[in-house]
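Participant: My structure is below; once you've seen it, I'll send some questions.
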Amino acid sequence: MSQALADAVAAGGSEAALAVCRACVEWLPMTGASITMMTVAEVQEPVCATDAVSARIDELQFGLGDGPCVESFRTGRAVLVPDIADPAETRWPVFAAAAAATGARGMFVFPLQVGGARIGVLDCYRDAPGPLDDEDLTGALRTADAAVWSLLDRTHPGGDGPSGSVSAPDGSALVRAEVHQATGMLMAQARLDAPSALARLRAYSFSAGRTITEVADDVVARRLRLHPDGVWSNAGSGHPGQRDARSDDPVDSSSRDDEEKPS
């Protein structure tokens, strides 16, 4: 395992982080692993995931703003959950139920740190319950160290950066640019600050039973908007007190033209 991790780091490049995660899954009793870069708990960018379940777990934690990934980043400590489906596990009830539905049982998250600065987390899961033994825990900590080294080029001004193109198992992009763009649009539409706009986006995605990325896509495409009174509406559905679904959007030129016309 040490050699596999060393080879992944030495190879460098955009695939280094994914190679680290694959070594983790190959050599440790893990079913999947992912790496997420973070600047604060509310700002997360997925770097890579070894499988669809890992990517889904990452998406759930971002969408809900809660879970072992968030706790690990905030505290700077590893969060080890032998069984996320255990009724005695009450720290993240909404996330736990959603994560268990993916088939994940054991979840093990490790903070990624450079000195005193936290740059993200290594998020591992397996489909069987049970704690890690000492040898496996040591291996996971070595994987976290390798993950940090694999990210150094990405955090360097000349590297890919957290907003660069990163890979999912199928090669598709996993960045959340559309979520950030949708957050900005909600700030303008409903006159909110950034944390409040993101919270509204998360709340709507949860209540609608959709991923936050899907909802963000609708906001960016103007199929969905949030009004200043907190009411959501679909494009074309209108809203009491509004001429149409875009009428108070400050970046919508047609709404400004309408305002200039005499009533």
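Residues in the structure tokens are numbered from 1 in each chain, the chains being A, B, ... in the order shown, and ligands are numbered from 1 in the order shown.
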Residues near Trp92 in chain A, anyone? I mean within 9 Å using only C-alpha atoms, not counting same-chain ones fewer than 6 positions away, as a list in words.

Facilitator: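 With the cut-off at 9 Å, the set is Asp66, Gly67 and Pro68 of chain A.
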
Participant: Limited to all heavy atoms, could you put the picked residues into a file as a short mmCIF file (atom, residue, chain, number, x, y, z; two decimals), in the first residue's frame?

Facilitator:
```
data_model
loop_
_atom_site.label_atom_id
_atom_site.label_comp_id
_atom_site.auth_asym_id
_atom_site.auth_seq_id
_atom_site.Cartn_x
_atom_site.Cartn_y
_atom_site.Cartn_z
N ASP A 66 -24.45 18.88 6.30
CA ASP A 66 -24.27 18.14 7.55
C ASP A 66 -23.73 16.77 7.23
O ASP A 66 -23.81 16.29 6.10
CB ASP A 66 -25.62 18.03 8.26
CG ASP A 66 -25.49 17.64 9.72
OD1 ASP A 66 -24.37 17.76 10.27
OD2 ASP A 66 -26.50 17.23 10.32
N GLY A 67 -23.13 16.12 8.24
CA GLY A 67 -22.60 14.79 8.06
C GLY A 67 -21.19 14.67 8.59
O GLY A 67 -20.58 15.66 9.03
N PRO A 68 -20.62 13.47 8.59
CA PRO A 68 -19.26 13.27 9.13
C PRO A 68 -18.19 14.06 8.39
O PRO A 68 -17.19 14.46 8.99
CB PRO A 68 -19.04 11.76 8.98
CG PRO A 68 -20.07 11.30 8.00
CD PRO A 68 -21.23 12.21 8.14
#
```

Participant: Would you work out the distance separating CA of Thr138 in chain A from CA of Ala11 in chain A, expressed in Å to one decimal?

Facilitator: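 Answer for the CA of Thr138 in chain A to CA of Ala11 in chain A separation: 23.0 Å.
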
Participant: Check the smallest atom-to-atom distance from each of A:Gly139, A:Pro82, A:Gly76, A:Pro29 to Ala117 in chain A using only C-alpha atoms, then report the winner.

Facilitator: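 The answer is A:Gly76, which sits nearest to Ala117 in chain A.
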
Participant: Using only C-alpha atoms, which of A:Asp229, A:Asp134, A:Glu26, A:Glu214 sits nearest Gly63 in chain A?

Facilitator: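 Checking each candidate against Gly63 in chain A, we get A:Glu214 as the closest.
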
Participant: Determine, counting only C-alpha atoms, which protein, DNA and RNA residues have an atom within 7 Å of an atom of Ala78 in chain A; residues of the same chain fewer than 4 positions away are not included. Present the result as a CSV table (one decimal) with C-alpha atoms, in the first residue's frame.

Facilitator:
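Output below, filename part03.csv:
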```
chain,number,residue,atom,x,y,z
A,72,SER,CA,-14.3,16.2,10.4
A,109,VAL,CA,-13.6,10.5,7.3
A,110,PHE,CA,-10.2,12.1,7.7
A,111,PRO,CA,-9.3,15.8,7.6
```

Participant: Could you pull the residues within 12 Å of Ala144 in chain A, counting only C-alpha atoms, minus those fewer than 5 positions along the same chain, as a count of residues only?

Facilitator: 33

Participant: Nearest to Leu201 in chain A among A:Thr183, A:Asn234, A:Gln189, A:Gln3, with distances taken over only C-alpha atoms: which residue is it?

Facilitator: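 Among A:Thr183, A:Asn234, A:Gln189, A:Gln3, it is A:Thr183 that comes nearest to Leu201 in chain A.
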
Participant: For CA of Leu152 in chain A and CA of Ala52 in chain A, determine how far apart the two atoms are, in Å to one decimal place.

Facilitator: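 Calculated distance between CA of Leu152 in chain A and CA of Ala52 in chain A is 25.2 Å.
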
Participant: Hey, can you check how far CA of Glu15 in chain A sits from CA of Cys48 in chain A?

Facilitator: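 Between CA of Glu15 in chain A and CA of Cys48 in chain A the gap works out to 8.7 Å.
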
Participant: Would you mind telling me which residue in A:Arg91, A:Arg142, A:Arg105, A:Arg225 lies nearest to Ala197 in chain A when using only C-alpha atoms?

Facilitator: A:Arg225

Participant: Got a sec: who's within 9 Å of Leu60 in chain A, counting only C-alpha atoms, leaving out chain neighbours fewer than 3 positions off, as a ChimeraX atom specification?

Facilitator: /A:55-57,63-67,95,98-99,211-212

Participant: Please write the residues from the selection above to a file, keeping N, CA, C and O atoms, as a PDB file, in the first residue's frame.

Facilitator:
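What ended up in result-v8.pdb:
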```pdb
ATOM      1  N   ALA A  55     -19.618   9.305  -4.671  1.00  0.00           N
ATOM      2  CA  ALA A  55     -20.033  10.604  -5.199  1.00  0.00           C
ATOM      3  C   ALA A  55     -21.366  11.025  -4.611  1.00  0.00           C
ATOM      4  O   ALA A  55     -21.580  12.202  -4.296  1.00  0.00           O
ATOM      5  N   ARG A  56     -22.295  10.071  -4.448  1.00  0.00           N
ATOM      6  CA  ARG A  56     -23.613  10.378  -3.878  1.00  0.00           C
ATOM      7  C   ARG A  56     -23.493  10.802  -2.420  1.00  0.00           C
ATOM      8  O   ARG A  56     -24.162  11.746  -1.975  1.00  0.00           O
ATOM      9  N   ILE A  57     -22.652  10.124  -1.641  1.00  0.00           N
ATOM     10  CA  ILE A  57     -22.449  10.494  -0.237  1.00  0.00           C
ATOM     11  C   ILE A  57     -21.899  11.906  -0.134  1.00  0.00           C
ATOM     12  O   ILE A  57     -22.326  12.709   0.705  1.00  0.00           O
ATOM     13  N   GLY A  63     -25.357  18.871   0.011  1.00  0.00           N
ATOM     14  CA  GLY A  63     -26.736  19.325  -0.095  1.00  0.00           C
ATOM     15  C   GLY A  63     -27.378  19.589   1.251  1.00  0.00           C
ATOM     16  O   GLY A  63     -28.154  20.546   1.401  1.00  0.00           O
ATOM     17  N   LEU A  64     -27.066  18.761   2.242  1.00  0.00           N
ATOM     18  CA  LEU A  64     -27.652  18.923   3.570  1.00  0.00           C
ATOM     19  C   LEU A  64     -26.843  19.846   4.470  1.00  0.00           C
ATOM     20  O   LEU A  64     -27.339  20.327   5.481  1.00  0.00           O
ATOM     21  N   GLY A  65     -25.578  20.072   4.115  1.00  0.00           N
ATOM     22  CA  GLY A  65     -24.720  20.893   4.969  1.00  0.00           C
ATOM     23  C   GLY A  65     -24.411  20.220   6.289  1.00  0.00           C
ATOM     24  O   GLY A  65     -24.154  20.887   7.290  1.00  0.00           O
ATOM     25  N   ASP A  66     -24.448  18.878   6.300  1.00  0.00           N
ATOM     26  CA  ASP A  66     -24.273  18.144   7.549  1.00  0.00           C
ATOM     27  C   ASP A  66     -23.725  16.768   7.230  1.00  0.00           C
ATOM     28  O   ASP A  66     -23.811  16.291   6.096  1.00  0.00           O
ATOM     29  N   GLY A  67     -23.131  16.124   8.236  1.00  0.00           N
ATOM     30  CA  GLY A  67     -22.605  14.785   8.061  1.00  0.00           C
ATOM     31  C   GLY A  67     -21.190  14.666   8.595  1.00  0.00           C
ATOM     32  O   GLY A  67     -20.582  15.658   9.034  1.00  0.00           O
ATOM     33  N   PHE A  95     -29.034  12.942   7.312  1.00  0.00           N
ATOM     34  CA  PHE A  95     -27.968  12.409   6.465  1.00  0.00           C
ATOM     35  C   PHE A  95     -27.831  10.908   6.642  1.00  0.00           C
ATOM     36  O   PHE A  95     -27.661  10.168   5.666  1.00  0.00           O
ATOM     37  N   ALA A  98     -30.348   8.954   4.661  1.00  0.00           N
ATOM     38  CA  ALA A  98     -30.092   9.038   3.218  1.00  0.00           C
ATOM     39  C   ALA A  98     -28.848   8.246   2.836  1.00  0.00           C
ATOM     40  O   ALA A  98     -28.819   7.578   1.796  1.00  0.00           O
ATOM     41  N   ALA A  99     -27.811   8.304   3.671  1.00  0.00           N
ATOM     42  CA  ALA A  99     -26.579   7.569   3.376  1.00  0.00           C
ATOM     43  C   ALA A  99     -26.817   6.066   3.450  1.00  0.00           C
ATOM     44  O   ALA A  99     -26.322   5.303   2.615  1.00  0.00           O
ATOM     45  N   THR A 211     -31.425  16.415  -5.831  1.00  0.00           N
ATOM     46  CA  THR A 211     -30.081  16.818  -5.447  1.00  0.00           C
ATOM     47  C   THR A 211     -29.950  18.334  -5.589  1.00  0.00           C
ATOM     48  O   THR A 211     -30.663  18.972  -6.381  1.00  0.00           O
ATOM     49  N   ILE A 212     -29.028  18.892  -4.852  1.00  0.00           N
ATOM     50  CA  ILE A 212     -28.828  20.333  -4.918  1.00  0.00           C
ATOM     51  C   ILE A 212     -28.328  20.753  -6.298  1.00  0.00           C
ATOM     52  O   ILE A 212     -28.634  21.842  -6.779  1.00  0.00           O
TER      53      ILE A 212
END
```

Participant: Tell me which of A:Ala6, A:Ile84, A:Val70, A:Val179 sits closest to Thr213 in chain A, counting only C-alpha atoms.

Facilitator: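 Result for the nearest residue to Thr213 in chain A: A:Val179.
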
Participant: With only C-alpha atoms as the counted atoms, please give the residues lying no more than 9 Å from Arg191 in chain A, apart from itself and same-chain residues fewer than 5 positions off, as a PDB file with N, CA and C atoms, in the first residue's frame.

Facilitator:
```pdb
ATOM      1  N   LEU A 186     -29.826  33.611  -6.609  1.00  0.00           N
ATOM      2  CA  LEU A 186     -30.793  33.730  -5.516  1.00  0.00           C
ATOM      3  C   LEU A 186     -30.507  34.960  -4.662  1.00  0.00           C
ATOM      4  N   ALA A 197     -28.674  32.372   0.964  1.00  0.00           N
ATOM      5  CA  ALA A 197     -29.088  31.885  -0.356  1.00  0.00           C
ATOM      6  C   ALA A 197     -28.761  30.403  -0.505  1.00  0.00           C
ATOM      7  N   HIS A 227     -38.548  34.243  -4.852  1.00  0.00           N
ATOM      8  CA  HIS A 227     -39.013  35.624  -4.722  1.00  0.00           C
ATOM      9  C   HIS A 227     -38.604  36.207  -3.371  1.00  0.00           C
ATOM     10  N   PRO A 228     -38.596  37.522  -3.249  1.00  0.00           N
ATOM     11  CA  PRO A 228     -38.168  38.155  -1.992  1.00  0.00           C
ATOM     12  C   PRO A 228     -38.985  37.743  -0.775  1.00  0.00           C
TER      13      PRO A 228
END
```

Participant: Among the residues of range 27-167 of chain A, find those DSSP assigns to alpha helix (DSSP H) from the backbone and print them as a ChimeraX atom specification.

Facilitator: /A:27,52-64,68-75,93-101,134-155

Participant: Give me the residues near Arg74 in chain A as a ChimeraX atom specification, where near means some atom within 9 Å (using only C-alpha atoms) and where sequence neighbours in that chain fewer than 5 positions away do not count.

Facilitator: /A:40-41,69,111,118

Participant: Between A:Gly13, A:Gly32, A:Gly106, A:Gly230, single out the one closest to Ala190 in chain A, counting only C-alpha atoms.

Facilitator: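 Smallest separation from Ala190 in chain A among the options: A:Gly230.
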